[in-house]
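Shown next: protein10.pdb, containing PDB, C-alpha atoms.
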```
ATOM      1  CA  MET A   7       2.592  24.999 -27.996
ATOM      2  CA  ALA A   8      -0.016  26.606 -25.730
ATOM      3  CA  ALA A   9       1.812  29.928 -25.748
ATOM      4  CA  TRP A  10       2.094  29.820 -29.531
ATOM      5  CA  ALA A  11      -1.604  28.935 -29.980
ATOM      6  CA  THR A  12      -2.926  31.553 -27.574
ATOM      7  CA  GLY A  13      -0.465  34.090 -28.991
ATOM      8  CA  HIS A  14      -2.151  33.587 -32.344
ATOM      9  CA  GLY A  15      -5.638  34.069 -30.921
ATOM     10  CA  ALA A  16      -6.536  30.368 -30.615
ATOM     11  CA  ARG A  17      -7.815  28.554 -27.574
ATOM     12  CA  PHE A  18      -5.718  25.613 -26.394
ATOM     13  CA  LEU A  19      -6.579  22.244 -24.904
ATOM     14  CA  ASP A  20      -4.046  19.434 -24.582
ATOM     15  CA  GLY A  21      -4.864  15.802 -23.918
ATOM     16  CA  ALA A  22      -3.301  12.455 -23.159
ATOM     17  CA  ILE A  23      -4.588   8.941 -23.750
ATOM     18  CA  LYS A  24      -3.851   6.724 -20.760
ATOM     19  CA  ASN A  25      -4.149   3.456 -22.602
ATOM     20  CA  VAL A  26      -2.958   1.614 -25.712
ATOM     21  CA  PRO A  27      -4.007   2.920 -29.155
ATOM     22  CA  SER A  28      -6.503   0.094 -29.713
ATOM     23  CA  ALA A  29      -8.448   1.253 -26.636
ATOM     24  CA  VAL A  30      -9.300   4.620 -28.177
ATOM     25  CA  GLY A  31     -13.052   4.955 -28.511
ATOM     26  CA  LYS A  32     -13.963   2.556 -25.725
ATOM     27  CA  PRO A  33     -16.211   3.692 -22.877
ATOM     28  CA  ASP A  34     -13.718   2.914 -20.102
ATOM     29  CA  THR A  35     -10.648   4.424 -21.795
ATOM     30  CA  LEU A  36      -9.116   7.240 -19.754
ATOM     31  CA  LEU A  37      -8.246  10.486 -21.460
ATOM     32  CA  TYR A  38      -7.306  13.579 -19.557
ATOM     33  CA  TYR A  39      -7.051  17.161 -20.650
ATOM     34  CA  GLY A  40      -5.469  20.379 -19.471
ATOM     35  CA  GLY A  41      -6.011  23.857 -20.778
ATOM     36  CA  ASP A  42      -8.912  26.073 -21.648
ATOM     37  CA  ARG A  43     -11.966  24.762 -19.785
ATOM     38  CA  SER A  44     -14.341  26.446 -22.237
ATOM     39  CA  VAL A  45     -12.859  24.360 -25.073
ATOM     40  CA  PHE A  46     -13.266  21.200 -23.014
ATOM     41  CA  ASP A  47     -16.873  22.070 -22.118
ATOM     42  CA  GLU A  48     -17.710  22.944 -25.720
ATOM     43  CA  TYR A  49     -16.286  19.717 -27.162
ATOM     44  CA  GLU A  50     -16.743  17.312 -24.251
ATOM     45  CA  THR A  51     -19.329  15.195 -26.079
ATOM     46  CA  THR A  52     -16.952  14.749 -29.012
ATOM     47  CA  LEU A  53     -13.977  14.116 -26.719
ATOM     48  CA  ARG A  54     -15.920  11.348 -24.951
ATOM     49  CA  VAL A  55     -16.124   9.492 -28.269
ATOM     50  CA  LEU A  56     -12.340   9.087 -28.004
ATOM     51  CA  GLY A  57     -12.646   7.653 -24.504
ATOM     52  CA  GLY A  58     -15.550   7.521 -22.102
ATOM     53  CA  ASP A  59     -13.496   8.199 -18.954
ATOM     54  CA  THR A  60     -12.708  11.783 -19.927
ATOM     55  CA  VAL A  61     -11.431  14.257 -17.323
ATOM     56  CA  HIS A  62     -10.497  17.941 -17.369
ATOM     57  CA  LEU A  63      -7.599  18.358 -14.909
ATOM     58  CA  GLY A  64      -7.453  22.145 -14.860
ATOM     59  CA  ASP A  65      -6.718  25.251 -16.876
ATOM     60  CA  GLU A  66      -2.942  24.850 -16.944
ATOM     61  CA  SER A  67      -2.051  23.723 -20.453
ATOM     62  CA  ASP A  68       0.614  21.202 -19.392
ATOM     63  CA  LEU A  69      -1.470  19.221 -16.891
ATOM     64  CA  ALA A  70      -2.303  16.378 -19.290
ATOM     65  CA  ALA A  71       1.391  15.951 -20.128
ATOM     66  CA  LEU A  72       2.333  16.145 -16.432
ATOM     67  CA  TYR A  73      -0.165  13.458 -15.444
ATOM     68  CA  GLU A  74       0.797  11.343 -18.455
ATOM     69  CA  MET A  75       4.395  11.225 -17.228
ATOM     70  CA  ALA A  76       3.533  11.064 -13.503
ATOM     71  CA  VAL A  77       1.145   8.132 -13.897
ATOM     72  CA  GLY A  78       3.217   6.540 -16.652
ATOM     73  CA  GLY A  79       6.157   6.211 -14.274
ATOM     74  CA  THR A  80       4.566   3.078 -12.841
ATOM     75  CA  LEU A  81       4.281   1.215 -16.139
ATOM     76  CA  LEU A  82       7.806   0.101 -16.985
ATOM     77  CA  PRO A  83       8.808  -0.951 -13.427
ATOM     78  CA  ALA A  84       5.571  -2.939 -13.092
ATOM     79  CA  LEU A  85       6.058  -4.623 -16.467
ATOM     80  CA  VAL A  86       9.736  -5.395 -15.839
ATOM     81  CA  GLY A  87       8.723  -6.889 -12.486
ATOM     82  CA  PHE A  88       6.291  -9.185 -14.285
ATOM     83  CA  PHE A  89       8.908 -10.031 -16.937
ATOM     84  CA  GLN A  90      11.432 -10.871 -14.204
ATOM     85  CA  GLY A  91       8.881 -13.185 -12.620
ATOM     86  CA  ALA A  92       8.188 -14.769 -15.995
ATOM     87  CA  ALA A  93      11.896 -15.425 -16.531
ATOM     88  CA  ALA A  94      12.181 -16.927 -13.045
ATOM     89  CA  VAL A  95       9.266 -19.349 -13.420
ATOM     90  CA  GLN A  96      10.379 -20.304 -16.921
ATOM     91  CA  ALA A  97      13.789 -21.153 -15.457
ATOM     92  CA  ARG A  98      11.895 -23.823 -13.466
ATOM     93  CA  GLY A  99      10.076 -25.084 -16.575
ATOM     94  CA  LEU A 100       6.784 -23.308 -15.754
ATOM     95  CA  GLU A 101       4.774 -21.051 -18.002
ATOM     96  CA  ALA A 102       4.583 -17.279 -17.563
ATOM     97  CA  ALA A 103       0.803 -17.583 -17.853
ATOM     98  CA  THR A 104       0.768 -19.216 -14.404
ATOM     99  CA  LEU A 105       1.763 -15.843 -12.904
ATOM    100  CA  VAL A 106      -1.104 -13.801 -14.317
ATOM    101  CA  ARG A 107      -3.729 -14.602 -11.682
ATOM    102  CA  PHE A 108      -1.325 -13.918  -8.827
ATOM    103  CA  THR A 109       0.145 -10.781 -10.389
ATOM    104  CA  VAL A 110      -3.341  -9.359 -10.919
ATOM    105  CA  LYS A 111      -4.143  -9.982  -7.240
ATOM    106  CA  TRP A 112      -0.885  -8.252  -6.286
ATOM    107  CA  LEU A 113      -1.741  -5.259  -8.474
ATOM    108  CA  GLU A 114      -5.215  -5.136  -6.892
ATOM    109  CA  MET A 115      -3.574  -5.022  -3.463
ATOM    110  CA  ILE A 116      -1.354  -2.166  -4.635
ATOM    111  CA  ASN A 117      -4.462  -0.446  -5.977
ATOM    112  CA  SER A 118      -6.081  -0.722  -2.551
ATOM    113  CA  ILE A 119      -3.170   0.898  -0.685
ATOM    114  CA  LEU A 120      -2.413   3.777  -3.054
ATOM    115  CA  PRO A 121      -4.968   6.062  -1.319
ATOM    116  CA  VAL A 122      -3.233   5.411   2.029
ATOM    117  CA  PHE A 123       0.163   6.237   0.558
ATOM    118  CA  ALA A 124      -1.230   9.366  -1.119
ATOM    119  CA  GLU A 125      -2.627  10.516   2.227
ATOM    120  CA  GLU A 126       0.729   9.917   3.932
ATOM    121  CA  ILE A 127       2.555  11.836   1.206
ATOM    122  CA  ASP A 128       0.089  14.736   1.190
ATOM    123  CA  SER A 129       0.204  15.027   4.992
ATOM    124  CA  GLY A 130       3.953  14.400   5.265
ATOM    125  CA  ASP A 131       3.266  11.952   8.112
ATOM    126  CA  TYR A 132       5.068   8.656   7.507
ATOM    127  CA  THR A 133       4.995   7.492  11.139
ATOM    128  CA  LYS A 134       2.179   4.910  10.899
ATOM    129  CA  PRO A 135       3.674   2.477   8.387
ATOM    130  CA  MET A 136       2.048  -0.602   6.927
ATOM    131  CA  SER A 137       5.553  -1.506   5.727
ATOM    132  CA  THR A 138       8.743   0.330   6.557
ATOM    133  CA  VAL A 139      11.623   1.405   4.382
ATOM    134  CA  ASN A 140      13.839  -0.912   6.489
ATOM    135  CA  LEU A 141      11.605  -3.873   5.675
ATOM    136  CA  PHE A 142      11.927  -3.224   1.958
ATOM    137  CA  LEU A 143      15.698  -2.793   2.273
ATOM    138  CA  GLU A 144      15.973  -6.081   4.157
ATOM    139  CA  GLY A 145      14.177  -7.725   1.233
ATOM    140  CA  ALA A 146      16.839  -6.564  -1.219
ATOM    141  CA  VAL A 147      18.973  -9.607  -0.477
ATOM    142  CA  TYR A 148      16.138 -11.849  -1.659
ATOM    143  CA  ASP A 149      16.038 -10.064  -5.005
ATOM    144  CA  GLU A 150      19.703 -10.913  -5.445
ATOM    145  CA  GLN A 151      19.155 -14.534  -4.352
ATOM    146  CA  LEU A 152      16.335 -14.916  -6.881
ATOM    147  CA  GLY A 153      18.644 -13.643  -9.591
ATOM    148  CA  GLU A 154      21.336 -16.145  -8.687
ATOM    149  CA  GLU A 155      19.013 -19.122  -8.230
ATOM    150  CA  ALA A 156      16.905 -18.501 -11.342
ATOM    151  CA  GLY A 157      19.672 -17.163 -13.557
ATOM    152  CA  VAL A 158      17.786 -13.898 -14.000
ATOM    153  CA  ASP A 159      19.352 -10.457 -14.368
ATOM    154  CA  VAL A 160      18.081  -8.423 -11.420
ATOM    155  CA  ALA A 161      20.491  -5.510 -11.908
ATOM    156  CA  TRP A 162      17.500  -3.271 -12.623
ATOM    157  CA  HIS A 163      16.781  -3.407  -8.861
ATOM    158  CA  ALA A 164      20.042  -1.615  -7.979
ATOM    159  CA  PRO A 165      18.658   1.936  -8.289
ATOM    160  CA  PHE A 166      15.666   0.949  -6.135
ATOM    161  CA  HIS A 167      17.951  -0.534  -3.481
ATOM    162  CA  ASP A 168      20.065   2.628  -3.601
ATOM    163  CA  LEU A 169      16.936   4.720  -3.097
ATOM    164  CA  LEU A 170      16.022   2.610  -0.057
ATOM    165  CA  ARG A 171      19.529   3.024   1.412
ATOM    166  CA  ARG A 172      19.397   6.786   0.884
ATOM    167  CA  ALA A 173      16.007   6.913   2.610
ATOM    168  CA  VAL A 174      17.419   5.065   5.616
ATOM    169  CA  GLU A 175      20.398   7.446   5.685
ATOM    170  CA  ALA A 176      17.925  10.371   5.641
ATOM    171  CA  GLY A 177      16.224   8.989   8.768
ATOM    172  CA  HIS A 178      13.263   7.246   7.139
ATOM    173  CA  GLY A 179      14.141   3.632   8.001
ATOM    174  CA  ASP A 180      11.227   3.161  10.397
ATOM    175  CA  HIS A 181       8.865   5.258   8.298
ATOM    176  CA  SER A 182       6.337   4.122   5.732
ATOM    177  CA  ILE A 183       7.712   3.102   2.358
ATOM    178  CA  SER A 184       5.843   6.130   0.990
ATOM    179  CA  ALA A 185       8.571   8.289   2.594
ATOM    180  CA  LEU A 186      10.661   7.458  -0.478
ATOM    181  CA  VAL A 187       8.921  10.423  -2.064
ATOM    182  CA  GLU A 188      10.971  12.671   0.218
ATOM    183  CA  VAL A 189      14.204  11.178  -1.155
ATOM    184  CA  LEU A 190      12.954  11.462  -4.735
ATOM    185  CA  LYS A 191      12.383  15.207  -4.353
ATOM    186  CA  LYS A 192      15.406  17.266  -5.310
ATOM    187  CA  PRO A 193      16.283  19.969  -2.753
TER     188      PRO A 193
END
```

Could you render the structure as structure tokens?
Amino acid sequence: MAAWATGHGARFLDGAIKNVPSAVGKPDTLLYYGGDRSVFDEYETTLRVLGGDTVHLGDESDLAALYEMAVGGTLLPALVGFFQGAAAVQARGLEAATLVRFTVKWLEMINSILPVFAEEIDSGDYTKPMSTVNLFLEGAVYDEQLGEEAGVDVAWHAPFHDLLRRAVEAGHGDHSISALVEVLKKP
């Protein structure tokens, strides 16, 4: 699209809304843009009406789409994890709502360690782990036990467990869990 637009003499700016449609127009809604910085600068005031947390990522036209997919990769696994927990507590006659407080705390903890993981990944140094790949792999058996005990389908964990096993085989067993990024990269 960018090539077509610029080929026809237009300037190009692409954007992505990192929220649900009903959040558009709110001051804390994140929107990010990639492409012609002069377009962003010229229309920034208008763009902020769509979402107050508005960011220009850079001049490359596909950056908004890249970040949309890169950040969006956390959504479905996180939601399915919550849904699995909901199914498990409901199997015991409890309400899913009882999980919300604890899940939010868990997500806040994850939020607090993401900068550490990003630093490990950017430096390539996985040798000072908070939690190792081996520790996560050892926990795989508990996922399966939960499935059996609660009557919950945990088959969605299989690719994650496979990723952990491949990381161990690649020599990352005693490394930080963030070393999984090295296994995710295709050679």

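What the PyMOL selection byres ((chain A and resi 97) around 12) matches in the given file is Gln90, Gly91, Ala92, Ala93, Ala94, Val95, Gln96, Arg98, Gly99, Leu100, Glu101, Ala102, Leu152, Gly153, Glu154, Glu155, Ala156, Gly157 and Val158 of chain A.
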
Using the chain letters and numbers from this file, what does the PyMOL selection byres ((chain A and resi 8) around 12) select? Give the answer as number ranges by chain. A: 7, 9-21, 40-42, 65-69

Using only C-alpha atoms, which of A:Ala76, A:Val61, A:Val30, A:Leu169 sits nearest Val139 (chain A)? A:Leu169

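Evaluated against this file, the PyMOL selection byres ((chain A and resi 46-60) around 7) yields Val30, Gly31, Lys32, Pro33, Asp34, Thr35, Leu36, Leu37, Tyr38, Asp42, Arg43, Ser44, Val45 and Val61 of chain A.
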
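If you look at CA of Gly145 (chain A) and CA of Tyr132 (chain A), they are 19.8 Å away from each other.
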
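CA of His62 (chain A) is found 12.5 Å from CA of Ile23 (chain A).
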
Just how far from CA of Leu72 (chain A) is CA of Ser137 (chain A), in Å to one decimal? 28.5 Å

Close residues, Leu170 (chain A) itself excluded, 10 Å, all atoms listed in the file, min 6 positions apart in chain, as a list in words: Val139, Asn140, Leu141, Phe142, Leu143, Glu144, Ala146, Ala164, Ala176, His178, Gly179, Ile183, Ala185, Leu186 and Val189 of chain A

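Using all atoms listed in the file for every distance, the candidate list A:Gly64, A:Trp162, A:Met136, A:Arg172 yields A:Trp162 as the residue closest to Leu82 (chain A).
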
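Minimum atom-to-atom distances from A:Pro165, A:Asp131, A:Pro121, A:Val160 to His181 (chain A) were compared using all atoms listed in the file, and the lowest value belongs to A:Asp131.
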
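Shortest separation to Tyr148 (chain A) among A:His167, A:Pro27, A:Val110, A:Leu190 occurs at residue A:His167, atoms counted being only C-alpha atoms.
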
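The shortest atom-to-atom distance to Ala84 (chain A), with all atoms listed in the file taken into account, belongs to A:Thr109 out of A:Thr104, A:Ser184, A:Thr138, A:Thr109.
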
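Ranking A:Ala161, A:Glu188, A:Val147, A:Phe123 by their shortest atom-to-atom distance to Val174 (chain A), with only C-alpha atoms included, puts A:Glu188 first.
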